[in-house]
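Student: Sharing my_file27.cif, mmCIF, C-alpha atoms:
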```cif
data_protein
#
loop_
_atom_site.group_PDB
_atom_site.id
_atom_site.type_symbol
_atom_site.label_atom_id
_atom_site.label_comp_id
_atom_site.auth_asym_id
_atom_site.auth_seq_id
_atom_site.Cartn_x
_atom_site.Cartn_y
_atom_site.Cartn_z
ATOM 1 C CA MET A 1 2.606 -19.673 8.161
ATOM 2 C CA GLU A 2 3.991 -16.407 9.500
ATOM 3 C CA LEU A 3 3.588 -13.494 7.090
ATOM 4 C CA LYS A 4 5.687 -10.376 7.690
ATOM 5 C CA TYR A 5 4.249 -6.919 6.999
ATOM 6 C CA GLY A 6 5.770 -3.511 6.261
ATOM 7 C CA ASP A 7 4.123 -0.184 5.509
ATOM 8 C CA PHE A 8 5.564 2.812 3.632
ATOM 9 C CA CYS A 9 3.896 6.190 4.273
ATOM 10 C CA SER A 10 2.222 4.540 7.231
ATOM 11 C CA GLY A 11 0.533 7.553 8.791
ATOM 12 C CA GLY A 12 -0.924 6.717 12.187
ATOM 13 C CA GLY A 13 -0.953 3.020 11.351
ATOM 14 C CA GLY A 14 -4.504 2.363 10.146
ATOM 15 C CA MET A 15 -3.474 -0.225 7.553
ATOM 16 C CA THR A 16 -1.007 -1.734 9.988
ATOM 17 C CA ILE A 17 -3.706 -2.143 12.632
ATOM 18 C CA GLY A 18 -5.693 -4.135 10.067
ATOM 19 C CA ALA A 19 -2.628 -6.208 9.153
ATOM 20 C CA ALA A 20 -1.988 -7.003 12.812
ATOM 21 C CA ALA A 21 -5.657 -7.942 13.325
ATOM 22 C CA ALA A 22 -5.334 -10.321 10.353
ATOM 23 C CA GLY A 23 -2.419 -12.053 12.070
ATOM 24 C CA LEU A 24 0.488 -10.580 10.101
ATOM 25 C CA THR A 25 3.742 -9.921 11.953
ATOM 26 C CA ILE A 26 4.554 -6.211 11.827
ATOM 27 C CA VAL A 27 8.172 -5.586 10.847
ATOM 28 C CA PHE A 28 8.252 -1.876 9.990
ATOM 29 C CA GLY A 29 6.329 1.273 9.267
ATOM 30 C CA VAL A 30 7.865 4.338 7.632
ATOM 31 C CA GLU A 31 6.431 7.795 8.287
ATOM 32 C CA TYR A 32 7.860 11.207 7.353
ATOM 33 C CA GLU A 33 6.260 13.308 10.118
ATOM 34 C CA GLU A 34 7.397 12.758 13.708
ATOM 35 C CA LYS A 35 4.029 13.789 15.222
ATOM 36 C CA ILE A 36 2.179 11.304 13.020
ATOM 37 C CA ALA A 37 4.750 8.602 13.808
ATOM 38 C CA GLU A 38 3.995 9.210 17.479
ATOM 39 C CA VAL A 39 0.362 8.226 16.822
ATOM 40 C CA TYR A 40 1.640 5.055 15.119
ATOM 41 C CA ARG A 41 3.849 4.290 18.145
ATOM 42 C CA HIS A 42 0.887 4.756 20.456
ATOM 43 C CA ASN A 43 -1.216 2.395 18.324
ATOM 44 C CA LEU A 44 1.378 -0.227 17.385
ATOM 45 C CA GLY A 45 4.758 0.128 19.068
ATOM 46 C CA ASP A 46 8.219 1.467 18.403
ATOM 47 C CA HIS A 47 9.007 -0.187 15.064
ATOM 48 C CA VAL A 48 8.041 2.879 13.002
ATOM 49 C CA LEU A 49 10.908 4.692 11.298
ATOM 50 C CA VAL A 50 10.731 8.452 10.924
ATOM 51 C CA ALA A 51 12.362 8.887 7.535
ATOM 52 C CA ASP A 52 12.201 10.623 4.195
ATOM 53 C CA ILE A 53 11.566 7.945 1.560
ATOM 54 C CA LEU A 54 13.705 9.961 -0.858
ATOM 55 C CA GLU A 55 16.738 9.427 1.374
ATOM 56 C CA MET A 56 16.159 5.779 2.276
ATOM 57 C CA ASP A 57 18.509 3.057 1.096
ATOM 58 C CA MET A 58 16.053 0.318 0.158
ATOM 59 C CA GLU A 59 18.803 -2.298 0.165
ATOM 60 C CA THR A 60 19.006 -1.980 3.945
ATOM 61 C CA MET A 61 15.243 -2.355 4.480
ATOM 62 C CA PRO A 62 14.084 -5.794 5.618
ATOM 63 C CA TYR A 63 12.103 -8.146 3.417
ATOM 64 C CA VAL A 64 8.396 -8.468 4.156
ATOM 65 C CA ASP A 65 5.845 -10.824 2.621
ATOM 66 C CA VAL A 66 3.177 -8.130 2.436
ATOM 67 C CA CYS A 67 4.160 -4.530 1.703
ATOM 68 C CA HIS A 68 1.676 -1.663 1.750
ATOM 69 C CA MET A 69 2.317 1.745 0.212
ATOM 70 C CA SER A 70 0.284 4.947 0.534
ATOM 71 C CA PRO A 71 2.324 7.585 -1.329
ATOM 72 C CA PRO A 72 1.412 11.211 -0.536
ATOM 73 C CA CYS A 73 -1.720 12.259 -2.433
ATOM 74 C CA PRO A 74 -1.939 16.099 -2.221
ATOM 75 C CA SER A 75 -0.774 16.582 -5.823
ATOM 76 C CA PHE A 76 -3.399 14.145 -7.117
ATOM 77 C CA SER A 77 -6.441 15.062 -5.040
ATOM 78 C CA ARG A 78 -9.445 16.705 -6.700
ATOM 79 C CA ALA A 79 -8.924 19.625 -4.328
ATOM 80 C CA SER A 80 -5.303 20.091 -5.421
ATOM 81 C CA THR A 81 -4.219 23.260 -7.145
ATOM 82 C CA SER A 82 -0.839 21.767 -8.047
ATOM 83 C CA SER A 83 0.188 18.995 -10.392
ATOM 84 C CA GLU A 84 2.410 15.959 -9.965
ATOM 85 C CA SER A 85 5.857 17.029 -8.790
ATOM 86 C CA GLU A 86 9.355 15.673 -9.244
ATOM 87 C CA THR A 87 9.208 14.767 -5.541
ATOM 88 C CA ASP A 88 6.111 12.618 -6.147
ATOM 89 C CA ILE A 89 7.888 10.818 -8.993
ATOM 90 C CA ALA A 90 11.082 10.359 -6.954
ATOM 91 C CA ILE A 91 9.093 8.835 -4.064
ATOM 92 C CA ALA A 92 7.481 6.397 -6.511
ATOM 93 C CA ARG A 93 10.909 5.475 -7.915
ATOM 94 C CA ASN A 94 12.257 4.593 -4.486
ATOM 95 C CA LEU A 95 9.118 2.602 -3.592
ATOM 96 C CA ALA A 96 9.526 0.765 -6.909
ATOM 97 C CA ARG A 97 13.151 0.113 -5.983
ATOM 98 C CA TYR A 98 11.999 -1.640 -2.796
ATOM 99 C CA ILE A 99 9.680 -3.837 -4.870
ATOM 100 C CA GLN A 100 12.458 -4.624 -7.338
ATOM 101 C CA LEU A 101 15.026 -5.441 -4.638
ATOM 102 C CA LYS A 102 12.873 -7.291 -2.092
ATOM 103 C CA ARG A 103 10.013 -8.721 -4.206
ATOM 104 C CA PRO A 104 7.366 -9.077 -1.498
ATOM 105 C CA LEU A 105 4.799 -11.799 -2.049
ATOM 106 C CA VAL A 106 2.016 -9.185 -2.003
ATOM 107 C CA VAL A 107 2.150 -5.428 -2.639
ATOM 108 C CA THR A 108 -0.847 -3.239 -1.869
ATOM 109 C CA LEU A 109 -1.193 0.435 -2.627
ATOM 110 C CA GLU A 110 -3.824 2.982 -1.678
ATOM 111 C CA ASN A 111 -4.253 6.487 -3.045
ATOM 112 C CA VAL A 112 -6.842 8.825 -4.526
ATOM 113 C CA TRP A 113 -8.446 7.528 -7.734
ATOM 114 C CA GLN A 114 -6.689 10.255 -9.786
ATOM 115 C CA TYR A 115 -3.297 8.671 -8.935
ATOM 116 C CA ARG A 116 -3.949 6.038 -11.629
ATOM 117 C CA ASP A 117 -3.152 8.613 -14.353
ATOM 118 C CA SER A 118 0.156 9.725 -12.849
ATOM 119 C CA GLN A 119 3.742 9.133 -13.862
ATOM 120 C CA SER A 120 4.287 8.050 -10.254
ATOM 121 C CA TRP A 121 1.842 5.153 -10.611
ATOM 122 C CA ALA A 122 3.214 4.304 -14.071
ATOM 123 C CA THR A 123 6.660 3.910 -12.469
ATOM 124 C CA ILE A 124 5.386 1.554 -9.765
ATOM 125 C CA ARG A 125 3.167 -0.361 -12.208
ATOM 126 C CA LEU A 126 6.036 -0.910 -14.665
ATOM 127 C CA THR A 127 8.151 -2.359 -11.839
ATOM 128 C CA LEU A 128 5.323 -4.668 -10.750
ATOM 129 C CA ASP A 129 4.905 -5.870 -14.331
ATOM 130 C CA ARG A 130 8.643 -6.408 -14.844
ATOM 131 C CA CYS A 131 8.879 -8.351 -11.587
ATOM 132 C CA GLY A 132 6.076 -10.706 -12.614
ATOM 133 C CA TYR A 133 3.227 -9.507 -10.395
ATOM 134 C CA GLN A 134 -0.410 -10.048 -11.265
ATOM 135 C CA VAL A 135 -1.994 -6.632 -10.614
ATOM 136 C CA GLY A 136 -5.590 -5.763 -9.740
ATOM 137 C CA ILE A 137 -6.779 -2.158 -9.542
ATOM 138 C CA ALA A 138 -10.130 -1.019 -8.154
ATOM 139 C CA ASN A 139 -11.949 2.240 -7.569
ATOM 140 C CA VAL A 140 -13.338 1.650 -4.083
ATOM 141 C CA ASN A 141 -15.747 3.806 -2.134
ATOM 142 C CA MET A 142 -14.467 3.235 1.388
ATOM 143 C CA ALA A 143 -17.996 3.821 2.750
ATOM 144 C CA ASP A 144 -18.724 0.333 1.367
ATOM 145 C CA TYR A 145 -16.299 -0.945 4.030
ATOM 146 C CA GLY A 146 -17.702 1.111 6.903
ATOM 147 C CA VAL A 147 -15.707 4.365 6.702
ATOM 148 C CA PRO A 148 -18.178 7.059 7.829
ATOM 149 C CA GLN A 149 -17.730 9.173 4.685
ATOM 150 C CA THR A 150 -17.794 8.791 0.916
ATOM 151 C CA ARG A 151 -14.120 8.337 0.089
ATOM 152 C CA GLU A 152 -13.127 7.028 -3.334
ATOM 153 C CA ARG A 153 -9.738 5.367 -3.332
ATOM 154 C CA MET A 154 -7.515 3.608 -5.824
ATOM 155 C CA ILE A 155 -6.786 0.212 -4.311
ATOM 156 C CA VAL A 156 -4.102 -1.980 -5.842
ATOM 157 C CA VAL A 157 -3.449 -5.605 -4.939
ATOM 158 C CA ALA A 158 -0.439 -7.193 -6.650
ATOM 159 C CA ARG A 159 0.785 -10.764 -6.151
ATOM 160 C CA ARG A 160 3.775 -12.584 -7.577
ATOM 161 C CA ASP A 161 2.782 -16.125 -6.585
ATOM 162 C CA GLY A 162 0.143 -16.632 -9.270
ATOM 163 C CA GLY A 163 -2.734 -16.400 -6.805
ATOM 164 C CA GLU A 164 -5.890 -14.447 -7.546
ATOM 165 C CA VAL A 165 -5.949 -10.765 -6.702
ATOM 166 C CA GLY A 166 -9.031 -9.189 -5.225
ATOM 167 C CA LEU A 167 -10.685 -7.526 -2.301
ATOM 168 C CA SER A 168 -12.463 -8.813 0.762
ATOM 169 C CA PRO A 169 -16.263 -8.698 0.512
ATOM 170 C CA MET A 170 -17.789 -5.295 1.152
ATOM 171 C CA THR A 171 -19.292 -4.982 4.591
ATOM 172 C CA HIS A 172 -21.676 -2.041 4.166
ATOM 173 C CA THR A 173 -23.317 -2.551 0.774
ATOM 174 C CA GLY A 174 -25.103 -5.351 -0.990
ATOM 175 C CA LYS A 175 -23.606 -4.683 -4.405
ATOM 176 C CA ASP A 176 -20.029 -5.348 -5.540
ATOM 177 C CA LYS A 177 -18.637 -2.249 -7.275
ATOM 178 C CA SER A 178 -14.935 -2.966 -6.815
ATOM 179 C CA GLY A 179 -14.212 -4.053 -10.382
ATOM 180 C CA LEU A 180 -12.245 -7.034 -9.098
ATOM 181 C CA GLY A 181 -15.063 -9.208 -7.896
ATOM 182 C CA VAL A 182 -15.405 -10.351 -4.323
ATOM 183 C CA LEU A 183 -12.320 -12.470 -3.700
ATOM 184 C CA PRO A 184 -10.098 -12.965 -0.683
ATOM 185 C CA ILE A 185 -6.682 -11.320 -0.959
ATOM 186 C CA PHE A 186 -4.964 -14.528 0.186
ATOM 187 C CA GLN A 187 -5.775 -18.102 -0.660
ATOM 188 C CA ASP A 188 -7.324 -19.880 2.315
ATOM 189 C CA SER A 189 -4.169 -21.960 2.799
ATOM 190 C CA MET A 190 -2.139 -18.793 3.299
ATOM 191 C CA LEU A 191 -4.368 -17.170 5.893
ATOM 192 C CA PRO A 192 -3.206 -17.375 9.483
ATOM 193 C CA PRO A 193 -5.450 -19.550 11.674
ATOM 194 C CA TRP A 194 -7.812 -17.385 13.759
#
```
I'd like the structure from this file rewritten - as structure tokens, please.

Tutor:
Amino acid sequence: MELKYGDFCSGGGGMTIGAAAAGLTIVFGVEYEEKIAEVYRHNLGDHVLVADILEMDMETMPYVDVCHMSPPCPSFSRASTSSESETDIAIARNLARYIQLKRPLVVTLENVWQYRDSQSWATIRLTLDRCGYQVGIANVNMADYGVPQTRERMIVVARRDGGEVGLSPMTHTGKDKSGLGVLPIFQDSMLPPW
């Protein structure tokens, strides 16, 4: 079964590289900064759009089965001296609009742990709930997956097919601290053969 993948706020394509390695077909990436999009192109090809999410018409975006979102985190970081802005909230509204219009099978989101208390996340979460997604949220130390630094992240896995939500087993620790248990993101029957 071919699963199509799209990535909003894609950066240099780290999540997309993982999606491609898992056998997903990459349909789009969206990045605001041209120089960062150039890194994505180098890593993954020319299907990255340089665009401002605030100005995107989500009706024209293609459907994907798996959609990843990494909204900007500077307002939510522990190091931030500012608070959540109207821009942050507007970005979340347009990402929620994509979910509402296209209803991907799976939506994942990554941000700093403090994002969970934001109006931006509340907007996205309300849309996921209204669209019938089962939502799992975890506070993940990315060092448990081999990132060479302690990096706490809010990881969200949402599915609308009734399947279990969860994370892949940690690779660099013996103890599960994800809060979701150690579960595959996809049921075995949905994984591409590799």

Student: Output as JSON lines one row per residue of stretch 93-126 of chain A within 12 Å of stretch 5-13 of chain A: the closest atom pair and its distance in Å to one decimal place, counting all atoms listed in the file, sorted by chain and residue number ascending.

Tutor:
```
{"residue": "A:Asn94", "atom": "CA", "partner": "A:Phe8", "partner_atom": "CA", "distance": 10.7}
{"residue": "A:Leu95", "atom": "CA", "partner": "A:Phe8", "partner_atom": "CA", "distance": 8.1}
{"residue": "A:Ala96", "atom": "CA", "partner": "A:Phe8", "partner_atom": "CA", "distance": 11.4}
{"residue": "A:Tyr98", "atom": "CA", "partner": "A:Phe8", "partner_atom": "CA", "distance": 10.1}
{"residue": "A:Ile99", "atom": "CA", "partner": "A:Phe8", "partner_atom": "CA", "distance": 11.6}
{"residue": "A:Lys102", "atom": "CA", "partner": "A:Gly6", "partner_atom": "CA", "distance": 11.6}
{"residue": "A:Pro104", "atom": "CA", "partner": "A:Tyr5", "partner_atom": "CA", "distance": 9.3}
{"residue": "A:Leu105", "atom": "CA", "partner": "A:Tyr5", "partner_atom": "CA", "distance": 10.3}
{"residue": "A:Val106", "atom": "CA", "partner": "A:Tyr5", "partner_atom": "CA", "distance": 9.5}
{"residue": "A:Val107", "atom": "CA", "partner": "A:Gly6", "partner_atom": "CA", "distance": 9.8}
{"residue": "A:Thr108", "atom": "CA", "partner": "A:Asp7", "partner_atom": "CA", "distance": 9.4}
{"residue": "A:Leu109", "atom": "CA", "partner": "A:Phe8", "partner_atom": "CA", "distance": 9.5}
{"residue": "A:Glu110", "atom": "CA", "partner": "A:Cys9", "partner_atom": "CA", "distance": 10.3}
{"residue": "A:Asn111", "atom": "CA", "partner": "A:Cys9", "partner_atom": "CA", "distance": 11.0}
```

Student: Run the PyMOL selection byres ((chain A and resi 28-33) around 10) mentally over the shown coordinates, then write out the matched residues as a VMD selection string, using the chain letters and numbers from the document.

Tutor: chain A and resid 4 to 13 16 25 to 27 34 to 38 40 to 41 44 to 53 56 61 to 64 67 to 69

Student: Any chance you could tabulate, as a tab-separated table, the residues of stretch 51-101 of chain A at most 9 Å from stretch 118-135 of chain A with each one's nearest atom pair and distance in Å to one decimal, using all atoms listed in the file, in chain and rising number order?

Tutor:
```
residue	atom	partner	partner_atom	distance
A:Phe76	CA	A:Ser118	CA	8.1
A:Glu84	CA	A:Ser118	CA	7.2
A:Asp88	CA	A:Ser120	CA	6.4
A:Ile89	CA	A:Ser120	CA	4.7
A:Ala90	CA	A:Ser120	CA	7.9
A:Ile91	CA	A:Ser120	CA	7.9
A:Ala92	CA	A:Ser120	CA	5.2
A:Arg93	CA	A:Thr123	CA	6.4
A:Leu95	CA	A:Ile124	CA	7.3
A:Ala96	CA	A:Ile124	CA	5.1
A:Arg97	CA	A:Thr127	CA	8.1
A:Ile99	CA	A:Thr127	CA	7.3
A:Gln100	CA	A:Thr127	CA	6.6
```

Student: Rounded to one decimal in Å, what is the spacing between atom CA of A:Asp65 and atom CA of A:Gly162?

Tutor: 14.4 Å

Student: Could you please determine the separation between atom CA of A:Arg116 and atom CA of A:Arg160 in Å, to one decimal place?

Tutor: 20.6 Å

Student: Can you measure atom CA of A:Met154 to atom CA of A:Val140 for me? One decimal in Å is fine.

Tutor: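 For atom CA of A:Met154 relative to atom CA of A:Val140, the distance reads 6.4 Å.
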
Student: Choose the residue, out of A:Leu101, A:Ile155, A:Ala22, A:Val39, that has the smallest atom-to-atom separation from A:Glu59; count only C-alpha atoms.

Tutor: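 Result for the nearest residue to A:Glu59: A:Leu101.
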
Student: Just checking: using only C-alpha atoms, which residue out of A:Val112, A:Met170, A:Leu3, A:Ala138 ends up closest to A:Ala19?

Tutor: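 Of A:Val112, A:Met170, A:Leu3, A:Ala138, the one nearest A:Ala19, counting only C-alpha atoms, is A:Leu3.
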
Student: Have stretch 106-127 of chain A completed to N, CA, C and O atoms, please, and pass it along as a PDB file, in the coordinates of the input.

Tutor:
```
ATOM      1  N   VAL A 106       3.178 -10.022  -1.704  1.00  0.00           N
ATOM      2  CA  VAL A 106       2.016  -9.185  -2.003  1.00  0.00           C
ATOM      3  C   VAL A 106       2.409  -7.720  -1.814  1.00  0.00           C
ATOM      4  O   VAL A 106       3.078  -7.376  -0.834  1.00  0.00           O
ATOM      5  N   VAL A 107       2.000  -6.875  -2.764  1.00  0.00           N
ATOM      6  CA  VAL A 107       2.150  -5.428  -2.639  1.00  0.00           C
ATOM      7  C   VAL A 107       0.761  -4.827  -2.744  1.00  0.00           C
ATOM      8  O   VAL A 107       0.007  -5.150  -3.672  1.00  0.00           O
ATOM      9  N   THR A 108       0.403  -3.983  -1.787  1.00  0.00           N
ATOM     10  CA  THR A 108      -0.847  -3.239  -1.869  1.00  0.00           C
ATOM     11  C   THR A 108      -0.516  -1.759  -1.901  1.00  0.00           C
ATOM     12  O   THR A 108       0.513  -1.328  -1.379  1.00  0.00           O
ATOM     13  N   LEU A 109      -1.387  -1.010  -2.534  1.00  0.00           N
ATOM     14  CA  LEU A 109      -1.193   0.435  -2.627  1.00  0.00           C
ATOM     15  C   LEU A 109      -2.552   1.089  -2.524  1.00  0.00           C
ATOM     16  O   LEU A 109      -3.545   0.567  -3.050  1.00  0.00           O
ATOM     17  N   GLU A 110      -2.589   2.221  -1.843  1.00  0.00           N
ATOM     18  CA  GLU A 110      -3.824   2.982  -1.678  1.00  0.00           C
ATOM     19  C   GLU A 110      -3.517   4.432  -1.974  1.00  0.00           C
ATOM     20  O   GLU A 110      -2.486   4.958  -1.562  1.00  0.00           O
ATOM     21  N   ASN A 111      -4.398   5.065  -2.742  1.00  0.00           N
ATOM     22  CA  ASN A 111      -4.253   6.487  -3.045  1.00  0.00           C
ATOM     23  C   ASN A 111      -5.587   6.997  -3.558  1.00  0.00           C
ATOM     24  O   ASN A 111      -6.545   6.232  -3.671  1.00  0.00           O
ATOM     25  N   VAL A 112      -5.636   8.286  -3.906  1.00  0.00           N
ATOM     26  CA  VAL A 112      -6.842   8.825  -4.526  1.00  0.00           C
ATOM     27  C   VAL A 112      -6.973   8.223  -5.923  1.00  0.00           C
ATOM     28  O   VAL A 112      -5.979   7.809  -6.534  1.00  0.00           O
ATOM     29  N   TRP A 113      -8.196   8.154  -6.436  1.00  0.00           N
ATOM     30  CA  TRP A 113      -8.446   7.528  -7.734  1.00  0.00           C
ATOM     31  C   TRP A 113      -7.650   8.214  -8.855  1.00  0.00           C
ATOM     32  O   TRP A 113      -7.211   7.581  -9.810  1.00  0.00           O
ATOM     33  N   GLN A 114      -7.406   9.518  -8.750  1.00  0.00           N
ATOM     34  CA  GLN A 114      -6.689  10.255  -9.786  1.00  0.00           C
ATOM     35  C   GLN A 114      -5.227   9.814  -9.908  1.00  0.00           C
ATOM     36  O   GLN A 114      -4.584  10.067 -10.932  1.00  0.00           O
ATOM     37  N   TYR A 115      -4.695   9.141  -8.911  1.00  0.00           N
ATOM     38  CA  TYR A 115      -3.297   8.671  -8.935  1.00  0.00           C
ATOM     39  C   TYR A 115      -3.061   7.721 -10.106  1.00  0.00           C
ATOM     40  O   TYR A 115      -1.958   7.629 -10.628  1.00  0.00           O
ATOM     41  N   ARG A 116      -4.102   7.042 -10.564  1.00  0.00           N
ATOM     42  CA  ARG A 116      -3.949   6.038 -11.629  1.00  0.00           C
ATOM     43  C   ARG A 116      -3.425   6.639 -12.927  1.00  0.00           C
ATOM     44  O   ARG A 116      -2.883   5.920 -13.767  1.00  0.00           O
ATOM     45  N   ASP A 117      -3.595   7.945 -13.128  1.00  0.00           N
ATOM     46  CA  ASP A 117      -3.152   8.613 -14.353  1.00  0.00           C
ATOM     47  C   ASP A 117      -1.794   9.278 -14.213  1.00  0.00           C
ATOM     48  O   ASP A 117      -1.375  10.020 -15.099  1.00  0.00           O
ATOM     49  N   SER A 118      -1.096   9.017 -13.128  1.00  0.00           N
ATOM     50  CA  SER A 118       0.156   9.725 -12.849  1.00  0.00           C
ATOM     51  C   SER A 118       1.387   8.982 -13.358  1.00  0.00           C
ATOM     52  O   SER A 118       1.372   7.761 -13.538  1.00  0.00           O
ATOM     53  N   GLN A 119       2.453   9.741 -13.540  1.00  0.00           N
ATOM     54  CA  GLN A 119       3.742   9.133 -13.862  1.00  0.00           C
ATOM     55  C   GLN A 119       4.238   8.326 -12.664  1.00  0.00           C
ATOM     56  O   GLN A 119       4.898   7.298 -12.829  1.00  0.00           O
ATOM     57  N   SER A 120       3.889   8.775 -11.467  1.00  0.00           N
ATOM     58  CA  SER A 120       4.287   8.050 -10.254  1.00  0.00           C
ATOM     59  C   SER A 120       3.738   6.623 -10.279  1.00  0.00           C
ATOM     60  O   SER A 120       4.473   5.651 -10.064  1.00  0.00           O
ATOM     61  N   TRP A 121       2.430   6.478 -10.545  1.00  0.00           N
ATOM     62  CA  TRP A 121       1.842   5.153 -10.611  1.00  0.00           C
ATOM     63  C   TRP A 121       2.424   4.361 -11.778  1.00  0.00           C
ATOM     64  O   TRP A 121       2.698   3.170 -11.650  1.00  0.00           O
ATOM     65  N   ALA A 122       2.642   5.001 -12.913  1.00  0.00           N
ATOM     66  CA  ALA A 122       3.214   4.304 -14.071  1.00  0.00           C
ATOM     67  C   ALA A 122       4.570   3.702 -13.715  1.00  0.00           C
ATOM     68  O   ALA A 122       4.902   2.588 -14.145  1.00  0.00           O
ATOM     69  N   THR A 123       5.348   4.405 -12.904  1.00  0.00           N
ATOM     70  CA  THR A 123       6.660   3.910 -12.469  1.00  0.00           C
ATOM     71  C   THR A 123       6.519   2.659 -11.617  1.00  0.00           C
ATOM     72  O   THR A 123       7.204   1.657 -11.826  1.00  0.00           O
ATOM     73  N   ILE A 124       5.607   2.706 -10.641  1.00  0.00           N
ATOM     74  CA  ILE A 124       5.386   1.554  -9.765  1.00  0.00           C
ATOM     75  C   ILE A 124       4.793   0.395 -10.567  1.00  0.00           C
ATOM     76  O   ILE A 124       5.219  -0.752 -10.433  1.00  0.00           O
ATOM     77  N   ARG A 125       3.823   0.683 -11.416  1.00  0.00           N
ATOM     78  CA  ARG A 125       3.167  -0.361 -12.208  1.00  0.00           C
ATOM     79  C   ARG A 125       4.168  -1.067 -13.132  1.00  0.00           C
ATOM     80  O   ARG A 125       4.151  -2.297 -13.257  1.00  0.00           O
ATOM     81  N   LEU A 126       5.038  -0.313 -13.779  1.00  0.00           N
ATOM     82  CA  LEU A 126       6.036  -0.910 -14.665  1.00  0.00           C
ATOM     83  C   LEU A 126       6.927  -1.872 -13.885  1.00  0.00           C
ATOM     84  O   LEU A 126       7.240  -2.971 -14.354  1.00  0.00           O
ATOM     85  N   THR A 127       7.320  -1.487 -12.673  1.00  0.00           N
ATOM     86  CA  THR A 127       8.151  -2.359 -11.839  1.00  0.00           C
ATOM     87  C   THR A 127       7.389  -3.631 -11.467  1.00  0.00           C
ATOM     88  O   THR A 127       7.942  -4.730 -11.535  1.00  0.00           O
TER      89      THR A 127
END
```
